Amino acid sequence: MDAKTSSADLSSEAGSDVEAKGARRSRVSGIDRALQVIDYLYETGAPSGAYAIAKAVKAPLSTIYVIIDDLVEKNMLARNADGSIWLGARLYHYGLAYARSLDFMSVATHEMHDLCREAGETVQVCGRDGDYMLVLAMADGPSHYQVASRVGTRVPLNWTASGRLLVGHLPEAERIELFKRCARTSPTGRAEIDARTLSDSAGKAFEERLSIQVAESDYAVACIASPVCDRSGECVATISIVLPEQKVVSDGNHYTEHVRASAQRIEKLMGWRNH
């Protein structure tokens with residue numbers, strides 16, 4: 001009888017422990033909530049109100065108000081005159097410190113400026129951010145031609161030459177599933193959205209170390225990109241020339257040679273050319 005009672009007590013205690021652990025896991029910590037707020041602003045790319053943030057992250061409005069006030073006080077967030085919230089100066093300083101610590105960005109940025117002078121056009125270094133291509137660095141060309149995508153711009157992978165290269169090293173099945181999930185119609189309506197076609201073009205572009213996009217994301221804008229691959233052969237970034245559409249048609253070979261050579265120099269300086 002005592003043994004049975006003891007077993008029952010132990011089972012009850014074990015159940016209570018499991019429930020307690022589950023409850024602890026179900027609660028979201030303050031730092032997780034803060035990151036949810038910051039991530040939401042980063043992903044939407046625009047200032048937002050507390051109500052919209054609370055709704056998006058599925059948190060009580062009162063909780064979000066407290067977190068926002070705390071982050072604003074610490075300069076992690078900034079409150080605009082209309083009451084909307086945006087990323088704060090402290091995050092910018094953290095980003096600068098992080099960028100300085102990256103050998104790759106130092107090498108790539110130096111090469112980006114060299115290519116800008118050689119080609120006489122705007123040059124960008126881009127990376128992948130989930131289902132998006134992200135502009136990591138940019139050097140404006142000497143002409144008055146304005147490029148809409150600036151540092152920090154995120155666009156769907158299927159809109160750009162760089163986007164396709166960034167996933168070109170993936171297995172075919174993985175590329176197809178990725179494009180099925182993330183392919184979007186572009187503002188010009190010229191970006192390919194068929195997953196299999198995108199997968200084929202991404203694989204081919206990666207093998208040829210060259211991807212060209214003409215007026216797929218922006219009207220009259222073209223992009224010529226080449227992949228920067230690490231030791232394992234994965235595309236970790238791209239370097240690209242952004243220029244008016246007519247220049248690609250008239251003198252495309254001139255630019256393709258420059259951009260391929262720049263990508264190879266970055267790999268060589270990083271010690272990645274043995275992949």
# chains A, B, ... in the order shown; residues from 1 in each chain; ligands from 1
call {"tool": "residues_around", "arguments": {"residues": "range 243-245 of chain A", "least_positions_apart": "3", "cutoff": "6 Å", "atoms": "only C-alpha atoms", "output": "count of residues only"}}
result
4
call {"tool": "residues_around", "arguments": {"residues": "Leu136 in chain A", "least_positions_apart": "4", "cutoff": "7 Å", "atoms": "only C-alpha atoms", "output": "PyMOL selection string"}}
result
chain A and resi 125-127+151-152
call {"tool": "residues_around", "arguments": {"residues": "Met112 in chain A", "least_positions_apart": "2", "cutoff": "7 Å", "atoms": "only C-alpha atoms", "output": "JSON, numbers by chain"}}
result
{"A": [108, 109, 110, 114, 115, 116, 123, 124, 139]}
call {"tool": "closest_atom_pairs", "arguments": {"of": "range 176-242 of chain A", "to": "range 160-170 of chain A", "cutoff": "7 Å", "atoms": "only C-alpha atoms", "output": "Markdown table"}}
result
| residue | atom | partner | partner_atom | distance |
| --- | --- | --- | --- | --- |
| A:Ala202 | CA | A:Gly168 | CA | 4.6 |
| A:Gly203 | CA | A:Gly168 | CA | 4.6 |
| A:Ala205 | CA | A:Leu165 | CA | 6.3 |
| A:Phe206 | CA | A:Gly168 | CA | 5.1 |
| A:Ser211 | CA | A:Ala161 | CA | 5.0 |
| A:Ile212 | CA | A:Ala161 | CA | 5.4 |
| A:Gln213 | CA | A:Ala161 | CA | 5.1 |
| A:Ser217 | CA | A:Thr160 | CA | 6.7 |
| A:Cys223 | CA | A:Ala161 | CA | 6.4 |
| A:Ile224 | CA | A:Ala161 | CA | 6.7 |
| A:Ala225 | CA | A:Ser162 | CA | 5.7 |
| A:Pro227 | CA | A:Leu165 | CA | 6.1 |
| A:Glu234 | CA | A:His169 | CA | 5.7 |
| A:Cys235 | CA | A:Leu166 | CA | 5.4 |
| A:Val236 | CA | A:Leu166 | CA | 6.7 |
| A:Ala237 | CA | A:Leu166 | CA | 6.5 |
| A:Thr238 | CA | A:Ser162 | CA | 5.9 |
call {"tool": "write_last_selection", "arguments": {"atoms": "N, CA, C and O atoms", "output": "PDB file, in the first residue's frame"}}
result
ATOM      1  N   ALA A 202      18.863  29.533 -62.153  1.00  0.00           N
ATOM      2  CA  ALA A 202      19.768  29.752 -61.021  1.00  0.00           C
ATOM      3  C   ALA A 202      20.953  28.797 -61.085  1.00  0.00           C
ATOM      4  O   ALA A 202      22.104  29.200 -60.868  1.00  0.00           O
ATOM      5  N   GLY A 203      20.675  27.529 -61.389  1.00  0.00           N
ATOM      6  CA  GLY A 203      21.747  26.543 -61.495  1.00  0.00           C
ATOM      7  C   GLY A 203      22.705  26.865 -62.626  1.00  0.00           C
ATOM      8  O   GLY A 203      23.932  26.775 -62.480  1.00  0.00           O
ATOM      9  N   ALA A 205      23.202  29.857 -64.080  1.00  0.00           N
ATOM     10  CA  ALA A 205      23.927  31.097 -63.793  1.00  0.00           C
ATOM     11  C   ALA A 205      25.083  30.841 -62.827  1.00  0.00           C
ATOM     12  O   ALA A 205      26.176  31.387 -62.987  1.00  0.00           O
ATOM     13  N   PHE A 206      24.835  29.985 -61.834  1.00  0.00           N
ATOM     14  CA  PHE A 206      25.878  29.680 -60.852  1.00  0.00           C
ATOM     15  C   PHE A 206      27.043  28.953 -61.521  1.00  0.00           C
ATOM     16  O   PHE A 206      28.213  29.267 -61.253  1.00  0.00           O
ATOM     17  N   SER A 211      25.138  36.112 -63.961  1.00  0.00           N
ATOM     18  CA  SER A 211      23.684  36.230 -64.050  1.00  0.00           C
ATOM     19  C   SER A 211      23.349  37.640 -64.507  1.00  0.00           C
ATOM     20  O   SER A 211      23.911  38.612 -63.998  1.00  0.00           O
ATOM     21  N   ILE A 212      22.462  37.740 -65.493  1.00  0.00           N
ATOM     22  CA  ILE A 212      22.076  39.044 -66.035  1.00  0.00           C
ATOM     23  C   ILE A 212      20.563  39.201 -65.923  1.00  0.00           C
ATOM     24  O   ILE A 212      19.805  38.307 -66.295  1.00  0.00           O
ATOM     25  N   GLN A 213      20.146  40.337 -65.413  1.00  0.00           N
ATOM     26  CA  GLN A 213      18.724  40.638 -65.269  1.00  0.00           C
ATOM     27  C   GLN A 213      18.455  41.981 -65.924  1.00  0.00           C
ATOM     28  O   GLN A 213      19.212  42.932 -65.721  1.00  0.00           O
ATOM     29  N   SER A 217      13.048  43.905 -62.023  1.00  0.00           N
ATOM     30  CA  SER A 217      12.599  44.505 -60.761  1.00  0.00           C
ATOM     31  C   SER A 217      12.275  45.986 -60.902  1.00  0.00           C
ATOM     32  O   SER A 217      11.380  46.499 -60.247  1.00  0.00           O
ATOM     33  N   CYS A 223      21.090  44.524 -64.391  1.00  0.00           N
ATOM     34  CA  CYS A 223      22.070  44.121 -63.383  1.00  0.00           C
ATOM     35  C   CYS A 223      22.885  42.949 -63.911  1.00  0.00           C
ATOM     36  O   CYS A 223      22.328  41.993 -64.464  1.00  0.00           O
ATOM     37  N   ILE A 224      24.210  43.032 -63.761  1.00  0.00           N
ATOM     38  CA  ILE A 224      25.113  41.952 -64.154  1.00  0.00           C
ATOM     39  C   ILE A 224      25.857  41.520 -62.894  1.00  0.00           C
ATOM     40  O   ILE A 224      26.584  42.314 -62.296  1.00  0.00           O
ATOM     41  N   ALA A 225      25.677  40.261 -62.489  1.00  0.00           N
ATOM     42  CA  ALA A 225      26.214  39.807 -61.206  1.00  0.00           C
ATOM     43  C   ALA A 225      27.059  38.546 -61.349  1.00  0.00           C
ATOM     44  O   ALA A 225      26.847  37.738 -62.260  1.00  0.00           O
ATOM     45  N   PRO A 227      28.953  35.397 -58.687  1.00  0.00           N
ATOM     46  CA  PRO A 227      28.926  34.888 -57.311  1.00  0.00           C
ATOM     47  C   PRO A 227      30.286  34.926 -56.623  1.00  0.00           C
ATOM     48  O   PRO A 227      31.330  34.758 -57.262  1.00  0.00           O
ATOM     49  N   GLU A 234      29.869  27.328 -51.727  1.00  0.00           N
ATOM     50  CA  GLU A 234      28.551  27.946 -51.594  1.00  0.00           C
ATOM     51  C   GLU A 234      28.637  29.439 -51.876  1.00  0.00           C
ATOM     52  O   GLU A 234      29.594  30.102 -51.485  1.00  0.00           O
ATOM     53  N   CYS A 235      27.615  29.961 -52.545  1.00  0.00           N
ATOM     54  CA  CYS A 235      27.578  31.386 -52.851  1.00  0.00           C
ATOM     55  C   CYS A 235      27.176  32.151 -51.587  1.00  0.00           C
ATOM     56  O   CYS A 235      26.025  32.062 -51.143  1.00  0.00           O
ATOM     57  N   VAL A 236      28.112  32.897 -51.019  1.00  0.00           N
ATOM     58  CA  VAL A 236      27.844  33.638 -49.786  1.00  0.00           C
ATOM     59  C   VAL A 236      27.462  35.088 -50.066  1.00  0.00           C
ATOM     60  O   VAL A 236      26.912  35.770 -49.201  1.00  0.00           O
ATOM     61  N   ALA A 237      27.767  35.552 -51.276  1.00  0.00           N
ATOM     62  CA  ALA A 237      27.450  36.930 -51.651  1.00  0.00           C
ATOM     63  C   ALA A 237      27.613  37.063 -53.161  1.00  0.00           C
ATOM     64  O   ALA A 237      28.069  36.136 -53.840  1.00  0.00           O
ATOM     65  N   THR A 238      27.228  38.215 -53.669  1.00  0.00           N
ATOM     66  CA  THR A 238      27.454  38.507 -55.088  1.00  0.00           C
ATOM     67  C   THR A 238      28.021  39.911 -55.199  1.00  0.00           C
ATOM     68  O   THR A 238      27.840  40.751 -54.307  1.00  0.00           O
TER      69      THR A 238
END
call {"tool": "select_by_dssp", "arguments": {"residues": "range 92-228 of chain A", "states": "helix (DSSP H, G or I)", "output": "ChimeraX atom specification"}}
result
/A:92-101,103-119,157-159,161-166,172-182,195-208
call {"tool": "residues_around", "arguments": {"residues": "range 61-65 of chain A", "least_positions_apart": "4", "cutoff": "9 Å", "atoms": "only C-alpha atoms", "output": "NGL selection string"}}
result
:A and (33-34 or 37 or 50-51 or 53-55 or 69-70)
call {"tool": "residues_around", "arguments": {"residues": "Ala183 in chain A", "least_positions_apart": "5", "cutoff": "9 Å", "atoms": "only C-alpha atoms", "output": "MDAnalysis selection string"}}
result
chainID A and resid 131 156:159 178 191:195 198
call {"tool": "write_last_selection", "arguments": {"atoms": "N, CA and C atoms", "output": "PDB file, in the first residue's frame"}}
result
ATOM      1  N   ASP A 131      14.271  34.459 -47.681  1.00  0.00           N
ATOM      2  CA  ASP A 131      13.661  34.419 -49.014  1.00  0.00           C
ATOM      3  C   ASP A 131      13.941  35.681 -49.813  1.00  0.00           C
ATOM      4  N   PRO A 156      12.524  40.102 -53.247  1.00  0.00           N
ATOM      5  CA  PRO A 156      12.425  38.653 -53.455  1.00  0.00           C
ATOM      6  C   PRO A 156      13.553  38.121 -54.332  1.00  0.00           C
ATOM      7  N   LEU A 157      13.987  36.921 -54.046  1.00  0.00           N
ATOM      8  CA  LEU A 157      15.127  36.333 -54.750  1.00  0.00           C
ATOM      9  C   LEU A 157      14.922  36.232 -56.261  1.00  0.00           C
ATOM     10  N   ASN A 158      13.678  36.040 -56.696  1.00  0.00           N
ATOM     11  CA  ASN A 158      13.437  35.829 -58.128  1.00  0.00           C
ATOM     12  C   ASN A 158      13.454  37.118 -58.940  1.00  0.00           C
ATOM     13  N   TRP A 159      13.557  38.272 -58.288  1.00  0.00           N
ATOM     14  CA  TRP A 159      13.553  39.530 -59.030  1.00  0.00           C
ATOM     15  C   TRP A 159      14.914  39.918 -59.586  1.00  0.00           C
ATOM     16  N   LEU A 178      12.185  26.238 -52.733  1.00  0.00           N
ATOM     17  CA  LEU A 178      12.432  27.605 -52.295  1.00  0.00           C
ATOM     18  C   LEU A 178      11.678  28.603 -53.163  1.00  0.00           C
ATOM     19  N   ALA A 191       9.582  39.678 -64.036  1.00  0.00           N
ATOM     20  CA  ALA A 191      10.351  38.680 -63.280  1.00  0.00           C
ATOM     21  C   ALA A 191       9.689  37.312 -63.404  1.00  0.00           C
ATOM     22  N   GLU A 192      10.496  36.303 -63.649  1.00  0.00           N
ATOM     23  CA  GLU A 192      10.004  34.924 -63.761  1.00  0.00           C
ATOM     24  C   GLU A 192       9.468  34.464 -62.399  1.00  0.00           C
ATOM     25  N   ILE A 193       8.349  33.742 -62.416  1.00  0.00           N
ATOM     26  CA  ILE A 193       7.786  33.241 -61.151  1.00  0.00           C
ATOM     27  C   ILE A 193       7.623  31.722 -61.152  1.00  0.00           C
ATOM     28  N   ASP A 194       7.860  31.065 -62.286  1.00  0.00           N
ATOM     29  CA  ASP A 194       7.757  29.607 -62.316  1.00  0.00           C
ATOM     30  C   ASP A 194       8.951  28.996 -61.587  1.00  0.00           C
ATOM     31  N   ALA A 195       8.689  28.172 -60.593  1.00  0.00           N
ATOM     32  CA  ALA A 195       9.746  27.651 -59.718  1.00  0.00           C
ATOM     33  C   ALA A 195      10.765  26.805 -60.470  1.00  0.00           C
ATOM     34  N   LEU A 198      12.930  29.021 -62.712  1.00  0.00           N
ATOM     35  CA  LEU A 198      13.853  29.780 -61.869  1.00  0.00           C
ATOM     36  C   LEU A 198      14.992  28.901 -61.362  1.00  0.00           C
TER      37      LEU A 198
END
call {"tool": "closest_residue", "arguments": {"among": "A:Ser48, A:Asn253, A:Ser106, A:Gln246", "to": "Ile266 in chain A", "atoms": "only C-alpha atoms"}}
result
A:Ser106
call {"tool": "closest_residue", "arguments": {"among": "A:Val72, A:Val57, A:Val242, A:Ile176", "to": "Ser149 in chain A", "atoms": "only C-alpha atoms"}}
result
A:Val242
call {"tool": "atom_distance", "arguments": {"atom1": "CA of Ala78 in chain A", "atom2": "CA of Gly30 in chain A"}}
result
18.6 Å
